[in-house]
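**Student:** Next up, work_21.pdb (PDB, C-alpha atoms).
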```
ATOM      1  CA  ALA A 271      83.591  63.464 102.191  1.00  0.00           C
ATOM      2  CA  GLN A 272      85.745  61.846 104.826  1.00  0.00           C
ATOM      3  CA  SER A 273      84.253  58.670 106.201  1.00  0.00           C
ATOM      4  CA  VAL A 274      84.875  55.398 107.988  1.00  0.00           C
ATOM      5  CA  ALA A 275      83.039  52.217 107.079  1.00  0.00           C
ATOM      6  CA  GLN A 276      82.538  49.165 109.226  1.00  0.00           C
ATOM      7  CA  PRO A 277      80.726  46.925 106.752  1.00  0.00           C
ATOM      8  CA  GLU A 278      79.447  44.356 109.249  1.00  0.00           C
ATOM      9  CA  ASP A 279      76.848  45.299 111.839  1.00  0.00           C
ATOM     10  CA  GLN A 280      77.588  42.088 113.710  1.00  0.00           C
ATOM     11  CA  VAL A 281      80.276  39.428 113.683  1.00  0.00           C
ATOM     12  CA  ASN A 282      79.663  36.013 115.239  1.00  0.00           C
ATOM     13  CA  VAL A 283      82.598  33.844 116.271  1.00  0.00           C
ATOM     14  CA  ALA A 284      82.990  30.656 118.270  1.00  0.00           C
ATOM     15  CA  GLU A 285      85.207  30.865 121.330  1.00  0.00           C
ATOM     16  CA  GLY A 286      88.766  29.872 120.499  1.00  0.00           C
ATOM     17  CA  ASN A 287      88.453  30.767 116.816  1.00  0.00           C
ATOM     18  CA  PRO A 288      90.214  33.722 115.239  1.00  0.00           C
ATOM     19  CA  LEU A 289      88.207  36.903 114.767  1.00  0.00           C
ATOM     20  CA  THR A 290      88.355  39.788 112.332  1.00  0.00           C
ATOM     21  CA  VAL A 291      86.416  43.046 112.525  1.00  0.00           C
ATOM     22  CA  LYS A 292      86.703  45.038 109.323  1.00  0.00           C
ATOM     23  CA  CYS A 293      87.287  48.763 108.837  1.00  0.00           C
ATOM     24  CA  THR A 294      87.899  50.796 105.701  1.00  0.00           C
ATOM     25  CA  TYR A 295      88.272  54.531 105.419  1.00  0.00           C
ATOM     26  CA  SER A 296      88.025  57.334 102.910  1.00  0.00           C
ATOM     27  CA  VAL A 297      90.326  60.112 104.101  1.00  0.00           C
ATOM     28  CA  SER A 298      92.920  62.043 102.161  1.00  0.00           C
ATOM     29  CA  GLY A 299      96.572  61.642 103.032  1.00  0.00           C
ATOM     30  CA  ASN A 300      97.894  59.241 105.626  1.00  0.00           C
ATOM     31  CA  PRO A 301      95.561  59.430 108.594  1.00  0.00           C
ATOM     32  CA  TYR A 302      96.097  57.987 112.024  1.00  0.00           C
ATOM     33  CA  LEU A 303      93.892  55.012 112.843  1.00  0.00           C
ATOM     34  CA  PHE A 304      92.345  53.841 116.095  1.00  0.00           C
ATOM     35  CA  TRP A 305      90.260  51.007 117.510  1.00  0.00           C
ATOM     36  CA  TYR A 306      88.064  51.350 120.576  1.00  0.00           C
ATOM     37  CA  VAL A 307      85.837  48.847 122.400  1.00  0.00           C
ATOM     38  CA  GLN A 308      82.611  49.589 124.251  1.00  0.00           C
ATOM     39  CA  TYR A 309      80.915  47.332 126.757  1.00  0.00           C
ATOM     40  CA  PRO A 310      77.186  47.833 127.502  1.00  0.00           C
ATOM     41  CA  ASN A 311      76.375  51.218 129.046  1.00  0.00           C
ATOM     42  CA  ARG A 312      80.049  52.081 129.343  1.00  0.00           C
ATOM     43  CA  GLY A 313      82.421  54.520 127.727  1.00  0.00           C
ATOM     44  CA  LEU A 314      84.862  53.644 124.978  1.00  0.00           C
ATOM     45  CA  GLN A 315      88.117  51.947 125.881  1.00  0.00           C
ATOM     46  CA  PHE A 316      91.181  52.518 123.724  1.00  0.00           C
ATOM     47  CA  LEU A 317      92.574  49.314 122.182  1.00  0.00           C
ATOM     48  CA  LEU A 318      95.300  50.352 119.764  1.00  0.00           C
ATOM     49  CA  LYS A 319      96.398  52.893 117.192  1.00  0.00           C
ATOM     50  CA  TYR A 320      98.460  53.095 114.017  1.00  0.00           C
ATOM     51  CA  ILE A 321     100.570  56.157 113.426  1.00  0.00           C
ATOM     52  CA  THR A 322     103.446  55.002 111.247  1.00  0.00           C
ATOM     53  CA  GLY A 323     105.883  52.124 110.854  1.00  0.00           C
ATOM     54  CA  ASP A 324     105.055  48.420 111.020  1.00  0.00           C
ATOM     55  CA  ASN A 325     101.707  47.668 109.429  1.00  0.00           C
ATOM     56  CA  LEU A 326     100.796  45.231 112.207  1.00  0.00           C
ATOM     57  CA  VAL A 327      99.955  46.993 115.450  1.00  0.00           C
ATOM     58  CA  LYS A 328      99.542  45.165 118.739  1.00  0.00           C
ATOM     59  CA  GLY A 329      97.209  46.449 121.410  1.00  0.00           C
ATOM     60  CA  SER A 330      95.409  45.603 124.602  1.00  0.00           C
ATOM     61  CA  TYR A 331      93.780  42.260 125.508  1.00  0.00           C
ATOM     62  CA  GLY A 332      95.598  40.368 122.741  1.00  0.00           C
ATOM     63  CA  PHE A 333      94.115  42.397 119.891  1.00  0.00           C
ATOM     64  CA  GLU A 334      96.080  43.496 116.868  1.00  0.00           C
ATOM     65  CA  ALA A 335      95.252  45.406 113.719  1.00  0.00           C
ATOM     66  CA  GLU A 336      96.691  45.348 110.231  1.00  0.00           C
ATOM     67  CA  PHE A 337      97.033  48.549 108.247  1.00  0.00           C
ATOM     68  CA  ASN A 338      96.789  48.199 104.459  1.00  0.00           C
ATOM     69  CA  LYS A 339      97.453  51.464 102.673  1.00  0.00           C
ATOM     70  CA  SER A 340      96.508  50.273  99.182  1.00  0.00           C
ATOM     71  CA  GLN A 341      93.154  48.979 100.397  1.00  0.00           C
ATOM     72  CA  THR A 342      92.685  51.831 102.906  1.00  0.00           C
ATOM     73  CA  SER A 343      91.806  49.283 105.554  1.00  0.00           C
ATOM     74  CA  PHE A 344      92.582  48.769 109.207  1.00  0.00           C
ATOM     75  CA  HIS A 345      91.085  45.434 110.245  1.00  0.00           C
ATOM     76  CA  LEU A 346      91.054  44.381 113.892  1.00  0.00           C
ATOM     77  CA  LYS A 347      92.126  40.808 114.629  1.00  0.00           C
ATOM     78  CA  LYS A 348      92.613  38.374 117.462  1.00  0.00           C
ATOM     79  CA  PRO A 349      94.005  34.845 117.093  1.00  0.00           C
ATOM     80  CA  SER A 350      91.695  33.221 119.649  1.00  0.00           C
ATOM     81  CA  ALA A 351      88.396  34.830 120.688  1.00  0.00           C
ATOM     82  CA  LEU A 352      87.068  34.837 124.234  1.00  0.00           C
ATOM     83  CA  VAL A 353      83.444  35.118 125.322  1.00  0.00           C
ATOM     84  CA  SER A 354      84.503  38.211 127.262  1.00  0.00           C
ATOM     85  CA  ASP A 355      85.499  39.872 123.963  1.00  0.00           C
ATOM     86  CA  SER A 356      81.803  40.251 123.147  1.00  0.00           C
ATOM     87  CA  ALA A 357      81.245  44.004 122.845  1.00  0.00           C
ATOM     88  CA  LEU A 358      80.792  46.864 120.382  1.00  0.00           C
ATOM     89  CA  TYR A 359      83.926  47.814 118.450  1.00  0.00           C
ATOM     90  CA  PHE A 360      84.572  51.187 116.832  1.00  0.00           C
ATOM     91  CA  CYS A 361      87.134  52.105 114.232  1.00  0.00           C
ATOM     92  CA  ALA A 362      88.167  55.785 114.154  1.00  0.00           C
ATOM     93  CA  VAL A 363      90.315  57.856 111.858  1.00  0.00           C
ATOM     94  CA  ARG A 364      92.247  61.044 112.628  1.00  0.00           C
ATOM     95  CA  PRO A 365      92.736  63.069 109.421  1.00  0.00           C
ATOM     96  CA  LEU A 366      95.945  65.045 109.289  1.00  0.00           C
ATOM     97  CA  SER A 367      94.106  68.213 108.257  1.00  0.00           C
ATOM     98  CA  GLY A 368      91.684  70.035 110.516  1.00  0.00           C
ATOM     99  CA  GLY A 369      93.906  71.733 113.058  1.00  0.00           C
ATOM    100  CA  TYR A 370      92.641  69.797 116.034  1.00  0.00           C
ATOM    101  CA  ASN A 371      92.471  66.236 117.241  1.00  0.00           C
ATOM    102  CA  LYS A 372      89.368  65.348 115.219  1.00  0.00           C
ATOM    103  CA  LEU A 373      88.236  61.733 115.142  1.00  0.00           C
ATOM    104  CA  ILE A 374      85.840  60.306 112.581  1.00  0.00           C
ATOM    105  CA  PHE A 375      84.111  57.165 113.846  1.00  0.00           C
ATOM    106  CA  GLY A 376      82.597  54.230 112.063  1.00  0.00           C
ATOM    107  CA  ALA A 377      79.114  53.090 113.029  1.00  0.00           C
ATOM    108  CA  GLY A 378      80.440  50.218 115.094  1.00  0.00           C
ATOM    109  CA  THR A 379      80.457  46.417 114.809  1.00  0.00           C
ATOM    110  CA  ARG A 380      78.957  44.206 117.454  1.00  0.00           C
ATOM    111  CA  LEU A 381      81.101  41.173 118.181  1.00  0.00           C
ATOM    112  CA  ALA A 382      79.379  38.127 119.636  1.00  0.00           C
ATOM    113  CA  VAL A 383      81.612  35.280 120.793  1.00  0.00           C
ATOM    114  CA  HIS A 384      79.712  32.069 121.487  1.00  0.00           C
ATOM    115  CA  PRO A 385      80.906  29.371 123.919  1.00  0.00           C
TER     116      PRO A 385
ATOM    117  CA  ASP U 208      87.341  54.857 131.785  1.00  0.00           C
ATOM    118  CA  GLY U 209      90.497  56.141 133.482  1.00  0.00           C
ATOM    119  CA  GLY U 210      90.449  59.467 135.266  1.00  0.00           C
ATOM    120  CA  ILE U 211      87.380  60.865 133.560  1.00  0.00           C
ATOM    121  CA  THR U 212      84.116  60.993 135.473  1.00  0.00           C
ATOM    122  CA  GLN U 213      80.691  61.848 134.141  1.00  0.00           C
ATOM    123  CA  SER U 214      77.574  62.479 136.140  1.00  0.00           C
ATOM    124  CA  PRO U 215      74.860  61.595 136.403  1.00  0.00           C
ATOM    125  CA  LYS U 216      74.909  58.129 134.858  1.00  0.00           C
ATOM    126  CA  TYR U 217      71.222  58.395 133.959  1.00  0.00           C
ATOM    127  CA  LEU U 218      69.256  61.611 133.447  1.00  0.00           C
ATOM    128  CA  PHE U 219      65.635  62.180 132.664  1.00  0.00           C
ATOM    129  CA  ARG U 220      64.400  65.440 131.244  1.00  0.00           C
ATOM    130  CA  LYS U 221      60.988  66.831 130.584  1.00  0.00           C
ATOM    131  CA  GLU U 222      60.435  68.577 127.287  1.00  0.00           C
ATOM    132  CA  GLY U 223      61.310  72.261 127.486  1.00  0.00           C
ATOM    133  CA  GLN U 224      63.894  71.833 130.233  1.00  0.00           C
ATOM    134  CA  ASN U 225      67.585  72.564 130.050  1.00  0.00           C
ATOM    135  CA  VAL U 226      69.867  70.001 131.665  1.00  0.00           C
ATOM    136  CA  THR U 227      73.589  70.031 132.354  1.00  0.00           C
ATOM    137  CA  LEU U 228      75.867  67.007 132.100  1.00  0.00           C
ATOM    138  CA  SER U 229      79.046  67.029 134.132  1.00  0.00           C
ATOM    139  CA  CYS U 230      82.485  65.925 132.914  1.00  0.00           C
ATOM    140  CA  GLU U 231      85.586  66.066 135.104  1.00  0.00           C
ATOM    141  CA  GLN U 232      89.081  64.764 134.403  1.00  0.00           C
ATOM    142  CA  ASN U 233      92.104  64.428 136.678  1.00  0.00           C
ATOM    143  CA  LEU U 234      94.533  63.477 133.906  1.00  0.00           C
ATOM    144  CA  ASN U 235      95.855  67.030 133.412  1.00  0.00           C
ATOM    145  CA  HIS U 236      94.745  66.839 129.785  1.00  0.00           C
ATOM    146  CA  ASP U 237      94.536  70.031 127.769  1.00  0.00           C
ATOM    147  CA  ALA U 238      91.790  69.057 125.342  1.00  0.00           C
ATOM    148  CA  MET U 239      88.271  67.880 126.100  1.00  0.00           C
ATOM    149  CA  TYR U 240      85.432  66.747 123.859  1.00  0.00           C
ATOM    150  CA  TRP U 241      81.723  65.956 123.938  1.00  0.00           C
ATOM    151  CA  TYR U 242      80.229  63.273 121.710  1.00  0.00           C
ATOM    152  CA  ARG U 243      76.727  62.025 121.152  1.00  0.00           C
ATOM    153  CA  GLN U 244      76.110  58.323 120.476  1.00  0.00           C
ATOM    154  CA  ASP U 245      72.952  57.053 118.804  1.00  0.00           C
ATOM    155  CA  PRO U 246      72.332  53.414 117.903  1.00  0.00           C
ATOM    156  CA  GLY U 247      73.893  52.456 114.587  1.00  0.00           C
ATOM    157  CA  GLN U 248      75.444  55.886 114.004  1.00  0.00           C
ATOM    158  CA  GLY U 249      78.728  55.799 115.839  1.00  0.00           C
ATOM    159  CA  LEU U 250      79.873  58.894 117.689  1.00  0.00           C
ATOM    160  CA  ARG U 251      79.346  62.462 116.548  1.00  0.00           C
ATOM    161  CA  LEU U 252      81.273  65.442 117.905  1.00  0.00           C
ATOM    162  CA  ILE U 253      79.213  68.145 119.630  1.00  0.00           C
ATOM    163  CA  TYR U 254      81.850  70.522 121.016  1.00  0.00           C
ATOM    164  CA  TYR U 255      85.536  70.479 121.782  1.00  0.00           C
ATOM    165  CA  SER U 256      87.910  72.612 123.801  1.00  0.00           C
ATOM    166  CA  GLN U 257      91.662  72.792 123.375  1.00  0.00           C
ATOM    167  CA  ILE U 258      92.346  75.228 126.195  1.00  0.00           C
ATOM    168  CA  VAL U 259      90.639  76.849 129.153  1.00  0.00           C
ATOM    169  CA  ASN U 260      88.151  79.596 128.234  1.00  0.00           C
ATOM    170  CA  ASP U 261      88.037  78.484 124.612  1.00  0.00           C
ATOM    171  CA  PHE U 262      85.810  75.981 122.817  1.00  0.00           C
ATOM    172  CA  GLN U 263      84.664  75.255 119.286  1.00  0.00           C
ATOM    173  CA  LYS U 264      81.571  73.769 117.689  1.00  0.00           C
ATOM    174  CA  GLY U 265      81.744  70.266 116.358  1.00  0.00           C
ATOM    175  CA  ASP U 266      79.521  68.643 113.760  1.00  0.00           C
ATOM    176  CA  ILE U 267      76.225  68.766 115.688  1.00  0.00           C
ATOM    177  CA  ALA U 268      76.427  71.744 118.077  1.00  0.00           C
ATOM    178  CA  GLU U 269      72.894  73.075 117.553  1.00  0.00           C
ATOM    179  CA  GLY U 270      70.864  72.935 120.760  1.00  0.00           C
ATOM    180  CA  TYR U 271      73.910  72.441 122.983  1.00  0.00           C
ATOM    181  CA  SER U 272      76.203  74.772 124.923  1.00  0.00           C
ATOM    182  CA  VAL U 273      79.432  74.284 126.875  1.00  0.00           C
ATOM    183  CA  SER U 274      81.853  76.152 129.095  1.00  0.00           C
ATOM    184  CA  ARG U 275      85.496  75.583 129.986  1.00  0.00           C
ATOM    185  CA  GLU U 276      86.287  77.697 133.034  1.00  0.00           C
ATOM    186  CA  LYS U 277      88.682  75.141 134.527  1.00  0.00           C
ATOM    187  CA  LYS U 278      91.118  72.780 132.878  1.00  0.00           C
ATOM    188  CA  GLU U 279      89.585  69.733 134.532  1.00  0.00           C
ATOM    189  CA  SER U 280      85.926  70.509 133.839  1.00  0.00           C
ATOM    190  CA  PHE U 281      83.868  70.684 130.633  1.00  0.00           C
ATOM    191  CA  PRO U 282      80.119  70.678 131.344  1.00  0.00           C
ATOM    192  CA  LEU U 283      77.578  70.255 128.553  1.00  0.00           C
ATOM    193  CA  THR U 284      74.131  71.858 128.640  1.00  0.00           C
ATOM    194  CA  VAL U 285      71.399  70.326 126.553  1.00  0.00           C
ATOM    195  CA  THR U 286      68.956  73.119 125.878  1.00  0.00           C
ATOM    196  CA  SER U 287      65.286  72.998 124.997  1.00  0.00           C
ATOM    197  CA  ALA U 288      66.316  73.922 121.439  1.00  0.00           C
ATOM    198  CA  GLN U 289      67.727  70.418 120.937  1.00  0.00           C
ATOM    199  CA  LYS U 290      64.833  68.645 119.260  1.00  0.00           C
ATOM    200  CA  ASN U 291      65.913  65.066 119.788  1.00  0.00           C
ATOM    201  CA  PRO U 292      68.132  64.944 122.864  1.00  0.00           C
ATOM    202  CA  THR U 293      67.573  61.332 123.898  1.00  0.00           C
ATOM    203  CA  ALA U 294      70.993  59.718 123.451  1.00  0.00           C
ATOM    204  CA  PHE U 295      74.115  58.482 125.196  1.00  0.00           C
ATOM    205  CA  TYR U 296      76.583  61.323 125.808  1.00  0.00           C
ATOM    206  CA  LEU U 297      80.304  60.685 126.063  1.00  0.00           C
ATOM    207  CA  CYS U 298      82.995  63.029 127.274  1.00  0.00           C
ATOM    208  CA  ALA U 299      86.625  62.522 126.263  1.00  0.00           C
ATOM    209  CA  SER U 300      89.977  64.156 126.843  1.00  0.00           C
ATOM    210  CA  SER U 301      93.421  64.045 125.252  1.00  0.00           C
ATOM    211  CA  PRO U 302      96.821  65.112 126.542  1.00  0.00           C
ATOM    212  CA  LEU U 303      97.870  67.852 124.148  1.00  0.00           C
ATOM    213  CA  ALA U 304      95.579  70.172 122.308  1.00  0.00           C
ATOM    214  CA  GLY U 305      96.100  69.701 118.589  1.00  0.00           C
ATOM    215  CA  GLY U 306      98.571  66.881 119.078  1.00  0.00           C
ATOM    216  CA  THR U 307      98.269  64.741 116.003  1.00  0.00           C
ATOM    217  CA  THR U 308      98.967  61.445 117.674  1.00  0.00           C
ATOM    218  CA  ASP U 309      97.160  62.055 120.924  1.00  0.00           C
ATOM    219  CA  THR U 310      94.761  59.354 121.969  1.00  0.00           C
ATOM    220  CA  GLN U 311      91.353  60.407 123.227  1.00  0.00           C
ATOM    221  CA  TYR U 312      90.238  58.739 126.451  1.00  0.00           C
ATOM    222  CA  PHE U 313      86.569  58.462 127.289  1.00  0.00           C
ATOM    223  CA  GLY U 314      84.432  58.760 130.371  1.00  0.00           C
ATOM    224  CA  PRO U 315      81.702  56.248 131.292  1.00  0.00           C
ATOM    225  CA  GLY U 316      78.898  58.259 129.680  1.00  0.00           C
ATOM    226  CA  THR U 317      75.530  59.756 130.619  1.00  0.00           C
ATOM    227  CA  ARG U 318      72.306  58.369 129.214  1.00  0.00           C
ATOM    228  CA  LEU U 319      69.790  61.149 128.717  1.00  0.00           C
ATOM    229  CA  THR U 320      66.124  60.347 128.193  1.00  0.00           C
ATOM    230  CA  VAL U 321      63.453  62.890 127.399  1.00  0.00           C
ATOM    231  CA  LEU U 322      60.095  62.048 128.932  1.00  0.00           C
TER     232      LEU U 322
END
```
Spell out the structure here as structure tokens.
**Tutor:**
Amino acid sequence: AQSVAQPEDQVNVAEGNPLTVKCTYSVSGNPYLFWYVQYPNRGLQFLLKYITGDNLVKGSYGFEAEFNKSQTSFHLKKPSALVSDSALYFCAVRPLSGGYNKLIFGAGTRLAVHP
Amino acid sequence: DGGITQSPKYLFRKEGQNVTLSCEQNLNHDAMYWYRQDPGQGLRLIYYSQIVNDFQKGDIAEGYSVSREKKESFPLTVTSAQKNPTAFYLCASSPLAGGTTDTQYFGPGTRLTVL
């Protein structure tokens, strides 16, 4: 079965330190990969996506993500965390099969950045 | 949240009632989607529509119905047949129906509570 795993329910980081939010996937072929962020009682905001090309993708608000095909991972990173980065982060995968723009979401990781 | 609006923001329903959630977009997107979000489960697809007057069931369509009479509107009805409707409902849209690289953009959500 196709799935996305975000192994950490919560990640705690001190402000100014680098952060990593992990994502691995189990999807056949070479899927497209997305990260979204959700603030409390709000919709999801698109951060970045990987389609093809350079394995390091840069996105909004200073975030970047590294695609690793051999490890089927797409970890979200930021060199220096801000308190305002505290939110719920979702990894999503778009399988190439299916015939429509289907997204499979992970369960989400809550990021808490402490002053 | 871009050009996607959802109303109401909060909705309370008595058991046995049908309720309709509104989703409107002014992005001229072809495809629209409805997701349900429950704590710790990520997002699950209820229905999607790639073109006016056409829609398809997603992974958890039972107890829900939709219509797509206009390109910009995709209302969701939660019927009394939905046994556990309390959740956060998110509407999304993407530019090109079936486009493999198209990013989905989300509305601000409606929180439905059954009393």
**Student:** Counting only C-alpha atoms, collect the residues of chain A whose closest atom lies at most 10 Å from chain U, and write them out as a ChimeraX atom specification.
**Tutor:** /A:274,279,301-304,306,308,311-316,318-321,359-362,364-379
**Student:** Around (73.7, 64.8, 117.0) in the file's own coordinates, what residues are found within 7 Å if you use all atoms listed in the file, given back as JSON, numbers by chain?
**Tutor:** {"U": [243, 251, 253, 267]}
**Student:** Taking the file as I've supplied it (selection: the PyMOL selection byres ((chain A and resi 323) around 12)), which residues are included? Please answer as a ChimeraX atom specification.
**Tutor:** /A:300,302,319-322,324-327,336-339
**Student:** Write out the residues from the selection above, keeping C-alpha atoms, as a CSV table (one decimal), in the coordinates of the input.
**Tutor:**
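Dumped everything to part_28.csv:
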```
chain,number,residue,atom,x,y,z
A,300,ASN,CA,97.9,59.2,105.6
A,302,TYR,CA,96.1,58.0,112.0
A,319,LYS,CA,96.4,52.9,117.2
A,320,TYR,CA,98.5,53.1,114.0
A,321,ILE,CA,100.6,56.2,113.4
A,322,THR,CA,103.4,55.0,111.2
A,324,ASP,CA,105.1,48.4,111.0
A,325,ASN,CA,101.7,47.7,109.4
A,326,LEU,CA,100.8,45.2,112.2
A,327,VAL,CA,100.0,47.0,115.4
A,336,GLU,CA,96.7,45.3,110.2
A,337,PHE,CA,97.0,48.5,108.2
A,338,ASN,CA,96.8,48.2,104.5
A,339,LYS,CA,97.5,51.5,102.7
```
**Student:** Find the residues around U:Cys230 up to 6 Å (all atoms listed in the file counted), leave out those fewer than 5 positions away in its own chain, and share them as a list in words.
**Tutor:**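 The residues that qualify are Thr212, Gln213, Ser280, Phe281 and Pro282 of chain U.
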**Student:** What gap, in Å, lies between atom CA of A:Thr342 and atom CA of A:Cys293?
**Tutor:**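 For atom CA of A:Thr342 relative to atom CA of A:Cys293, the distance reads 8.6 Å.
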**Student:** Name all residues at most 10 Å from U:Lys277 (count all atoms listed in the file; drop same-chain ones fewer than 3 positions away) and give them as a PyMOL selection string.
**Tutor:** chain U and resi 231+258-260+274+280-281
**Student:** Got a sec: who's within 7 Å of U:Glu279, counting all atoms listed in the file, leaving out chain neighbours fewer than 3 positions off, as a VMD selection string?
**Tutor:** chain U and resid 231 to 233 235
**Student:** Calculated over all atoms listed in the file, which of the candidates U:Ala268, U:Val226, U:Tyr254, U:Leu322 has the smallest distance to U:Val285?
**Tutor:**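 Looking at the shortest contact to U:Val285, the residue is U:Val226.
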**Student:** Check the smallest atom-to-atom distance from each of A:Val283, A:Ala271, A:Leu381, A:Val291 to A:Lys347 using only C-alpha atoms, then report the winner.
**Tutor:** A:Val291
**Student:** Written as a PyMOL selection string, which residues does the PyMOL selection byres ((chain U and resi 222) around 12) give for the file shown?
**Tutor:** chain U and resi 219-221+223-226+285-293+320-322
**Student:** Give the answer as one residue: which of A:Val383, A:Ala357, A:Ser340, A:Pro349 has the shortest atom-to-atom distance to A:Ser296, using only C-alpha atoms?
**Tutor:** A:Ser340
**Student:** My list of candidates is A:Pro385, A:Pro310, A:Gly299, A:Gly332. Which is closest to A:Asn282 when distances are computed with all atoms listed in the file?
**Tutor:** A:Pro385
**Student:** Nearest to U:Asp266: which of U:Leu283, U:Lys278, U:Tyr242, U:Leu319 is it, counting only C-alpha atoms?
**Tutor:**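 Closest to U:Asp266, using only C-alpha atoms: U:Tyr242.
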**Student:** Within 10 Å of A:Ser354, counting only C-alpha atoms, which residues show up once you throw out same-chain ones fewer than 6 positions away? Write them as a PyMOL selection string, please.
**Tutor:** chain A and resi 285+309+382-384
**Student:** Using the selection just defined, write its residues with C-alpha atoms as a PDB file, in the coordinates of the input.
**Tutor:**
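See part_9.pdb below for the written result:
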```
ATOM      1  CA  GLU A 285      85.207  30.865 121.330  1.00  0.00           C
ATOM      2  CA  TYR A 309      80.915  47.332 126.757  1.00  0.00           C
ATOM      3  CA  ALA A 382      79.379  38.127 119.636  1.00  0.00           C
ATOM      4  CA  VAL A 383      81.612  35.280 120.793  1.00  0.00           C
ATOM      5  CA  HIS A 384      79.712  32.069 121.487  1.00  0.00           C
TER       6      HIS A 384
END
```
**Student:** Quick check, in Å to one decimal: how far apart do atom CA of A:Gln341 and atom CA of A:Arg380 lie?
**Tutor:**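 Between atom CA of A:Gln341 and atom CA of A:Arg380 the gap works out to 22.7 Å.
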**Student:** For a test of reading the model, state the distance in Å between atom CA of A:Val297 and atom CA of A:Ser330, rounded to one decimal.
**Tutor:** 25.6 Å
